[in-house]
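See below for the structure under consideration.
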Amino acid sequence: MYGRKEVPVSGFASCSHICQPVPGFRSKRSSPRTRAAQQVTSATATIDKPQTAAAPAASLDWSQLAQQMDSQSPLQIIDHALATFGDEVAIAFSGAEDVAVIEYAHLTGRPFRVFSLDTGRLDKETYELFDRVERHYNIRIEYTFPDAQETMDLVRAKGMFSFYQDGHQECCRVRKVRPLRRQLKTLKAWITGQRRDQSPGTRAAVSVVQVDPAFEGTSGGPGSLVKYNPLAGMTGKETWNFLRVMDVPVNELHSKGYVSIGCQPCTRPVLPNQHEREGRWWWEDAAGKECGLHSGNVSVGSAEQGSKAEAQRDLWPEGKVQALSQEELSSLACSESREQDTLVALYAPWCQYSQAMEGSYSELAEQYAARGSHVRIAKFQADTDREFSQQTFGLQTFPTIVMLPKSRKQYIRYPSERRDVETLDLWIKSVVGQ
Ligand code: SF4
C-alpha cells in the first residue's frame, strides 16, 4: 500500500542520511539560483512512497516492472530503488554528468549511498568534482581502488600506456571491472547514469531497471543484483537542462569540449556534431574502420568473414574509377611532373571497409568526370603487392587513399575514415583546388 508524502527538497534535517553531513561543511543549497531551482522542482519532489522499505527483490518481476516504470520520471525510479533496497543499493558515480542521479536521489529525501571507482588515471578536474559533490551534498563518496598487486603486475609488465597497443580491455579489467565487481558484491542493487543515447551501438536497449546480466550481488550467483538506470530515457540535452536548472556542480572538463568523461589517457574532447563516444578509446574505433595490412592472407578475422564471398569480385570493375597497374602507379609516385592530379584508393577487394566505400567512390568519380574535373579518380588493388604499397605509400590498413598532386612530388594521405562523397570532395578541393 502506498501513501503520499511531501519530500523535502533541501537540507538534511528531516532525514537520517546514510551519507552523513560532514562536520564543518556548509551546504551550498541556499544560493538564490538553487532556491529558484527548488521552486521549479518542488512539485516533482512529491512522490509516492512504499510504506515497506525493503521489499524482497526476488518477489518482484523485474522485466514487468521495467515496462511499468519506463514512462516514469528518474525521480520516481530512484525513489523506487531507495525505498526497495534501503542501504543495500548505491549510486555509481563516474564524475561526469551522472551527477544528475545524485541530485535526483537527493530530491527523494531518502538516505542514499554513492560509490566511485578511482582508477588512478582520472583527470584533476574529475577529482575536483568529487570533492565539490561531497561538499554540495554533505556526503562522503565511497571510493574503490584497483588491487595494488594486479596494477603493479600490469604496469611493470607492459608500462603505463599498454592500452594504446593492446586495447583498453586489460587495463579496464584491472582498474575498473574487478574493483566494480568487488564493490557490487557488497550490494543488492546499484544505480547508474546510463542513457540510451550515449552509445547507439551498445546502449540503445538500456532498461530503466533490470536484473544485472553481468555482475553479482551480496547473495551471489546470477540474478542476485538489480540494476537501475533511471536516466535511460533521458537525452543528453535533457540531462544538461536538468543540471543547469538545479545548479548542480559539474566537471570543468565539460566546458573544454569533453562530453563523455573517463580516464585521462582514454578521453578526449569531441568536435561539434561528433558523437560523445568518439571521445573515448578513439584509436580503437579508428582501427575498427579499416582492415589491417597483414590480414586477409594470413588469417580471416571476424571482420573479414562476411566479406569473403564478396572477395571473389573486384571493386569498381567498370565505371569512371580508373584502374592503375603497379607500373603506372610506381611511375606516378616517382614522377617529378605529373600530367594531372590523381586520387588513388589503395584497396583490397575482400576488405569490408573497402567494399563499404565502393558506392561513394564510384559516385565521386562519376561527378568529377561529368564536370570535366582536372582530378583523376583511380584505384589500385594493394593487397596483391603489399610490400610495394607499404614502401611507397606507408600503407598500414585497407583502404588507404592518397592524392598525387600535379604540382609536387610527394603524395598526400587522406586523413579521415569518412569516405562519403561530400567529405572526399571537400578534402580534394582543399589540397588541389576546384
Ligand atoms: Fe585503463 Fe583507459 Fe580503461 Fe582507464 S579507461 S582503466 S586508463 S584503459
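Ligands are numbered from 1 in the order shown, chains are lettered A, B, ... in the order of the C-alpha cells, and residues start at 1 in each chain.
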Check which residues fall inside 9 Å of ligand 1 when counting only C-alpha atoms and all ligand atoms, and print them as a list in words. Thr119, Gly120, Arg121, Leu122, Met160, Phe161, Ser162, Phe163, Tyr164, Gly167, His168, Gln169, Glu170, Cys171, Cys172, Arg173, Val174, Arg175, Lys176, Val177, Gly262, Cys263, Gln264, Pro265, Cys266, Thr267, Arg280 and Trp281 of chain A
Would you save the residues from that selection as a short mmCIF file (atom, residue, chain, number, x, y, z; two decimals), in the first residue's frame, using N, CA and C atoms?
data_model
loop_
_atom_site.label_atom_id
_atom_site.label_comp_id
_atom_site.auth_asym_id
_atom_site.auth_seq_id
_atom_site.Cartn_x
_atom_site.Cartn_y
_atom_site.Cartn_z
N THR A 119 40.30 4.96 -10.64
CA THR A 119 41.19 4.08 -11.40
C THR A 119 42.65 4.47 -11.24
N GLY A 120 42.90 5.64 -10.65
CA GLY A 120 44.26 6.16 -10.56
C GLY A 120 44.67 6.93 -11.80
N ARG A 121 43.79 6.98 -12.80
CA ARG A 121 44.13 7.64 -14.06
C ARG A 121 43.12 8.74 -14.40
N LEU A 122 42.42 9.25 -13.40
CA LEU A 122 41.40 10.25 -13.69
C LEU A 122 42.02 11.65 -13.82
N MET A 160 52.90 2.05 -18.70
CA MET A 160 51.77 2.87 -18.28
C MET A 160 50.69 3.04 -19.36
N PHE A 161 51.08 2.79 -20.62
CA PHE A 161 50.12 3.09 -21.69
C PHE A 161 49.91 1.88 -22.61
N SER A 162 49.87 0.71 -22.02
CA SER A 162 49.74 -0.52 -22.81
C SER A 162 48.44 -0.54 -23.61
N PHE A 163 47.44 0.19 -23.13
CA PHE A 163 46.13 0.15 -23.79
C PHE A 163 46.18 0.73 -25.20
N TYR A 164 47.16 1.61 -25.48
CA TYR A 164 47.25 2.15 -26.85
C TYR A 164 47.69 1.07 -27.85
N GLY A 167 44.84 -2.47 -26.66
CA GLY A 167 43.41 -2.26 -26.45
C GLY A 167 43.14 -2.04 -24.97
N HIS A 168 42.00 -1.44 -24.68
CA HIS A 168 41.75 -0.98 -23.31
C HIS A 168 41.24 -2.07 -22.37
N GLN A 169 40.86 -3.23 -22.91
CA GLN A 169 40.18 -4.22 -22.07
C GLN A 169 41.01 -4.67 -20.87
N GLU A 170 42.29 -4.94 -21.08
CA GLU A 170 43.10 -5.48 -19.98
C GLU A 170 43.24 -4.47 -18.85
N CYS A 171 43.57 -3.24 -19.21
CA CYS A 171 43.72 -2.20 -18.19
C CYS A 171 42.38 -1.93 -17.50
N CYS A 172 41.31 -1.84 -18.30
CA CYS A 172 39.99 -1.60 -17.71
C CYS A 172 39.59 -2.75 -16.79
N ARG A 173 40.00 -3.95 -17.14
CA ARG A 173 39.66 -5.10 -16.29
C ARG A 173 40.31 -4.94 -14.91
N VAL A 174 41.57 -4.50 -14.91
CA VAL A 174 42.29 -4.36 -13.64
C VAL A 174 41.82 -3.13 -12.86
N ARG A 175 41.69 -2.01 -13.56
CA ARG A 175 41.43 -0.75 -12.86
C ARG A 175 39.95 -0.46 -12.65
N LYS A 176 39.08 -1.07 -13.46
CA LYS A 176 37.66 -0.74 -13.34
C LYS A 176 36.79 -1.95 -13.01
N VAL A 177 36.86 -2.97 -13.87
CA VAL A 177 35.86 -4.03 -13.78
C VAL A 177 35.99 -4.83 -12.48
N GLY A 262 36.04 9.82 -18.95
CA GLY A 262 36.54 8.63 -18.27
C GLY A 262 37.93 8.91 -17.76
N CYS A 263 38.86 7.96 -17.97
CA CYS A 263 40.24 8.17 -17.55
C CYS A 263 40.94 9.18 -18.47
N GLN A 264 41.90 9.90 -17.91
CA GLN A 264 42.56 10.97 -18.66
C GLN A 264 43.20 10.48 -19.98
N PRO A 265 43.96 9.35 -19.97
CA PRO A 265 44.61 8.98 -21.24
C PRO A 265 43.64 8.46 -22.28
N CYS A 266 42.43 8.13 -21.88
CA CYS A 266 41.49 7.48 -22.78
C CYS A 266 40.29 8.37 -23.11
N THR A 267 40.40 9.64 -22.80
CA THR A 267 39.29 10.56 -23.04
C THR A 267 39.82 11.78 -23.78
N ARG A 280 36.10 8.59 -26.61
CA ARG A 280 36.62 7.52 -25.74
C ARG A 280 37.26 6.43 -26.60
N TRP A 281 38.44 6.00 -26.24
CA TRP A 281 39.16 4.90 -26.93
C TRP A 281 39.11 5.08 -28.45
#
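Residues of region 201-250 of chain A assigned to alpha helix (DSSP H) by DSSP on this structure's backbone: Gly236, Lys237, Glu238, Thr239, Trp240, Asn241, Phe242, Leu243, Arg244, Val245 and Met246 of chain A.
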List the spatial neighbours of region 386-395 of chain A as a ChimeraX atom specification - criterion: any atom at most 9 Å away, only C-alpha atoms, same-chain residues fewer than 4 positions off excluded. /A:293-294,326,330,333,346,382,399-400,402,411,413
Written selection (all heavy atoms) as a tab-separated table (two decimals), in the first residue's frame:
chain	number	residue	atom	x	y	z
A	293	LEU	N	46.84	-4.35	-42.47
A	293	LEU	CA	47.67	-4.69	-43.64
A	293	LEU	C	47.96	-6.18	-43.70
A	293	LEU	O	48.03	-6.77	-44.77
A	293	LEU	CB	48.98	-3.89	-43.56
A	293	LEU	CG	50.02	-4.18	-44.62
A	293	LEU	CD1	49.50	-3.80	-45.99
A	293	LEU	CD2	51.31	-3.45	-44.31
A	294	HIS	N	48.14	-6.79	-42.55
A	294	HIS	CA	48.56	-8.19	-42.53
A	294	HIS	C	47.38	-9.16	-42.45
A	294	HIS	O	47.58	-10.34	-42.25
A	294	HIS	CB	49.53	-8.41	-41.38
A	294	HIS	CG	50.74	-7.55	-41.53
A	294	HIS	ND1	51.65	-7.72	-42.54
A	294	HIS	CD2	51.15	-6.46	-40.83
A	294	HIS	CE1	52.59	-6.79	-42.45
A	294	HIS	NE2	52.31	-6.02	-41.42
A	326	GLN	N	50.61	-1.60	-61.31
A	326	GLN	CA	51.71	-1.23	-60.41
A	326	GLN	C	52.74	-0.37	-61.11
A	326	GLN	O	53.28	0.58	-60.55
A	326	GLN	CB	52.38	-2.48	-59.84
A	326	GLN	CG	53.40	-2.12	-58.77
A	326	GLN	CD	54.25	-3.29	-58.37
A	326	GLN	OE1	53.76	-4.40	-58.25
A	326	GLN	NE2	55.53	-3.06	-58.19
A	330	SER	N	53.65	3.23	-59.84
A	330	SER	CA	55.04	3.43	-59.45
A	330	SER	C	55.64	4.61	-60.21
A	330	SER	O	56.33	5.47	-59.65
A	330	SER	CB	55.82	2.15	-59.75
A	330	SER	OG	57.16	2.31	-59.41
A	333	ALA	N	54.18	7.78	-58.80
A	333	ALA	CA	54.72	8.10	-57.47
A	333	ALA	C	56.11	8.72	-57.57
A	333	ALA	O	56.48	9.58	-56.77
A	333	ALA	CB	54.76	6.84	-56.61
A	346	LEU	N	43.88	2.81	-52.41
A	346	LEU	CA	44.62	1.55	-52.27
A	346	LEU	C	43.71	0.61	-51.50
A	346	LEU	O	43.43	0.84	-50.32
A	346	LEU	CB	45.93	1.80	-51.51
A	346	LEU	CG	46.83	2.90	-52.10
A	346	LEU	CD1	47.89	3.33	-51.10
A	346	LEU	CD2	47.49	2.43	-53.39
A	382	ALA	N	45.81	-3.05	-53.72
A	382	ALA	CA	47.08	-3.00	-52.99
A	382	ALA	C	47.43	-4.30	-52.27
A	382	ALA	O	48.56	-4.46	-51.82
A	382	ALA	CB	47.05	-1.85	-51.99
A	399	PRO	N	41.02	0.49	-46.54
A	399	PRO	CA	41.59	1.19	-47.67
A	399	PRO	C	42.43	2.39	-47.20
A	399	PRO	O	42.17	2.93	-46.13
A	399	PRO	CB	40.35	1.70	-48.42
A	399	PRO	CG	39.35	1.94	-47.32
A	399	PRO	CD	39.62	0.92	-46.26
A	400	THR	N	43.42	2.74	-48.01
A	400	THR	CA	44.17	3.98	-47.80
A	400	THR	C	44.00	4.82	-49.06
A	400	THR	O	44.09	4.28	-50.17
A	400	THR	CB	45.65	3.66	-47.54
A	400	THR	OG1	45.77	3.06	-46.25
A	400	THR	CG2	46.50	4.93	-47.58
A	402	VAL	N	45.24	8.19	-51.22
A	402	VAL	CA	46.32	9.19	-51.34
A	402	VAL	C	46.07	10.07	-52.56
A	402	VAL	O	45.50	9.64	-53.56
A	402	VAL	CB	47.72	8.52	-51.47
A	402	VAL	CG1	48.09	7.78	-50.20
A	402	VAL	CG2	47.80	7.60	-52.68
A	411	TYR	N	53.30	12.53	-52.11
A	411	TYR	CA	51.87	12.23	-52.05
A	411	TYR	C	51.29	12.80	-50.76
A	411	TYR	O	52.02	13.08	-49.80
A	411	TYR	CB	51.62	10.72	-52.12
A	411	TYR	CG	52.07	9.94	-50.90
A	411	TYR	CD1	51.22	9.78	-49.80
A	411	TYR	CD2	53.34	9.37	-50.84
A	411	TYR	CE1	51.62	9.07	-48.68
A	411	TYR	CE2	53.74	8.66	-49.73
A	411	TYR	CZ	52.88	8.51	-48.65
A	411	TYR	OH	53.29	7.82	-47.55
A	413	ARG	N	48.32	12.02	-47.92
A	413	ARG	CA	47.43	10.94	-47.46
A	413	ARG	C	46.10	11.53	-46.97
A	413	ARG	O	46.09	12.50	-46.23
A	413	ARG	CB	48.13	10.21	-46.31
A	413	ARG	CG	47.45	8.96	-45.86
A	413	ARG	CD	48.15	8.49	-44.57
A	413	ARG	NE	47.57	7.26	-44.12
A	413	ARG	CZ	48.10	6.06	-44.32
A	413	ARG	NH1	49.25	5.96	-44.94
A	413	ARG	NH2	47.50	4.98	-43.89
Given only C-alpha atoms as the basis, pick out the residue of A:Thr84, A:Thr423, A:Gln410, A:Thr126 nearest to Pro249 (chain A).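 Nearest candidate to Pro249 (chain A) out of A:Thr84, A:Thr423, A:Gln410, A:Thr126: A:Thr126.
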List every residue of region 198-232 of chain A that has an atom at most 9 Å from any atom of region 86-109 of chain A, giving for each one its closest atom pair and the distance in Å to one decimal, counting only C-alpha atoms, sorted by chain and then by ascending residue number, as JSON lines.
{"residue": "A:Val226", "atom": "CA", "partner": "A:Val89", "partner_atom": "CA", "distance": 8.8}
{"residue": "A:Pro230", "atom": "CA", "partner": "A:Val101", "partner_atom": "CA", "distance": 7.6}
{"residue": "A:Leu231", "atom": "CA", "partner": "A:Val101", "partner_atom": "CA", "distance": 7.6}
Write out as a ChimeraX atom specification which residues come within 8 Å of Thr186 (chain A) when counting only C-alpha atoms, dropping same-chain ones fewer than 3 positions away. /A:88,182-183,217-218
Name the residues of region 56-232 of chain A that come out as strand (DSSP E or B) in a backbone DSSP run; write them as a list in words.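 Residues of region 56-232 of chain A classed as strand (DSSP E or B): Val89, Ala90, Ile91, Ala92, Val114, Phe115, Ser116, Leu117, Glu142, Tyr143, Thr144, Ala189, Trp190, Ile191, Val209, Gln210, Val211, Val226, Lys227 and Tyr228 of chain A.
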Choose the residue, out of A:Ser335, A:Gln340, A:Gln396, A:Gln210, that has the smallest atom-to-atom separation from Trp62 (chain A); count only C-alpha atoms. A:Gln210
What's around Gln72 (chain A) at 12 Å? Count only C-alpha atoms, leave out sequence neighbours fewer than 2 positions away in its own chain, and write the answer as a PyMOL selection string. chain A and resi 44+47-48+65-70+74-80+208-209+229-234
Which residues, written as an mmCIF file with N, CA, C and O atoms, in the first residue's frame, have at least one atom at most 6 Å from region 142-152 of chain A, with only C-alpha atoms counted and residues fewer than 3 positions away on the same chain left out?
data_model
loop_
_atom_site.group_PDB
_atom_site.id
_atom_site.type_symbol
_atom_site.label_atom_id
_atom_site.label_comp_id
_atom_site.auth_asym_id
_atom_site.auth_seq_id
_atom_site.Cartn_x
_atom_site.Cartn_y
_atom_site.Cartn_z
ATOM 1 N N PHE A 115 29.055 5.495 -4.563
ATOM 2 C CA PHE A 115 30.421 4.989 -4.651
ATOM 3 C C PHE A 115 31.036 5.385 -5.987
ATOM 4 O O PHE A 115 30.324 5.704 -6.949
ATOM 5 N N SER A 116 32.351 5.416 -6.018
ATOM 6 C CA SER A 116 33.050 5.778 -7.249
ATOM 7 C C SER A 116 34.319 4.955 -7.378
ATOM 8 O O SER A 116 34.960 4.632 -6.377
ATOM 9 N N LEU A 117 34.677 4.636 -8.621
ATOM 10 C CA LEU A 117 35.901 3.893 -8.880
ATOM 11 C C LEU A 117 37.013 4.878 -9.187
ATOM 12 O O LEU A 117 36.932 5.592 -10.187
ATOM 13 N N ASP A 118 38.017 4.926 -8.343
ATOM 14 C CA ASP A 118 39.187 5.745 -8.653
ATOM 15 C C ASP A 118 40.207 4.833 -9.324
ATOM 16 O O ASP A 118 40.878 4.043 -8.672
ATOM 17 N N VAL A 155 51.447 -2.871 -14.878
ATOM 18 C CA VAL A 155 52.288 -1.731 -15.267
ATOM 19 C C VAL A 155 53.757 -2.144 -15.386
ATOM 20 O O VAL A 155 54.471 -1.698 -16.284
ATOM 21 N N ARG A 156 54.212 -3.024 -14.489
ATOM 22 C CA ARG A 156 55.613 -3.473 -14.581
ATOM 23 C C ARG A 156 55.852 -4.306 -15.831
ATOM 24 O O ARG A 156 56.925 -4.280 -16.421
ATOM 25 N N ARG A 175 41.690 -2.011 -13.561
ATOM 26 C CA ARG A 175 41.431 -0.751 -12.860
ATOM 27 C C ARG A 175 39.953 -0.457 -12.651
ATOM 28 O O ARG A 175 39.589 0.352 -11.819
ATOM 29 N N PRO A 179 37.499 -3.951 -9.543
ATOM 30 C CA PRO A 179 37.059 -3.171 -8.378
ATOM 31 C C PRO A 179 35.538 -2.999 -8.325
ATOM 32 O O PRO A 179 34.940 -3.067 -7.255
#
Please provide as a list in words all residues within 12 Å of Glu128 (chain A), with the sequence filter that same-chain residues fewer than 2 positions apart are discarded (counting only C-alpha atoms).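 So the residues in contact are Gly95, Ala96, Leu122, Asp123, Lys124, Glu125, Thr126, Phe130, Asp131, Arg132, Val133, Glu134, Arg135, Pro249, Val250, Asn251, Glu252 and Leu253 of chain A.
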For Glu363 (chain A), which residue out of A:Trp316, A:Phe398, A:Trp427, A:Tyr228 is the nearest one, using only C-alpha atoms?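 Closest candidate: A:Trp316.
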Record the distance separating CA of Ile412 (chain A) and CA of Glu318 (chain A), expressed in Å with one decimal. 26.0 Å
Mind pulling up the distance from CA of Gly236 (chain A) to CA of Ala83 (chain A)? 26.8 Å
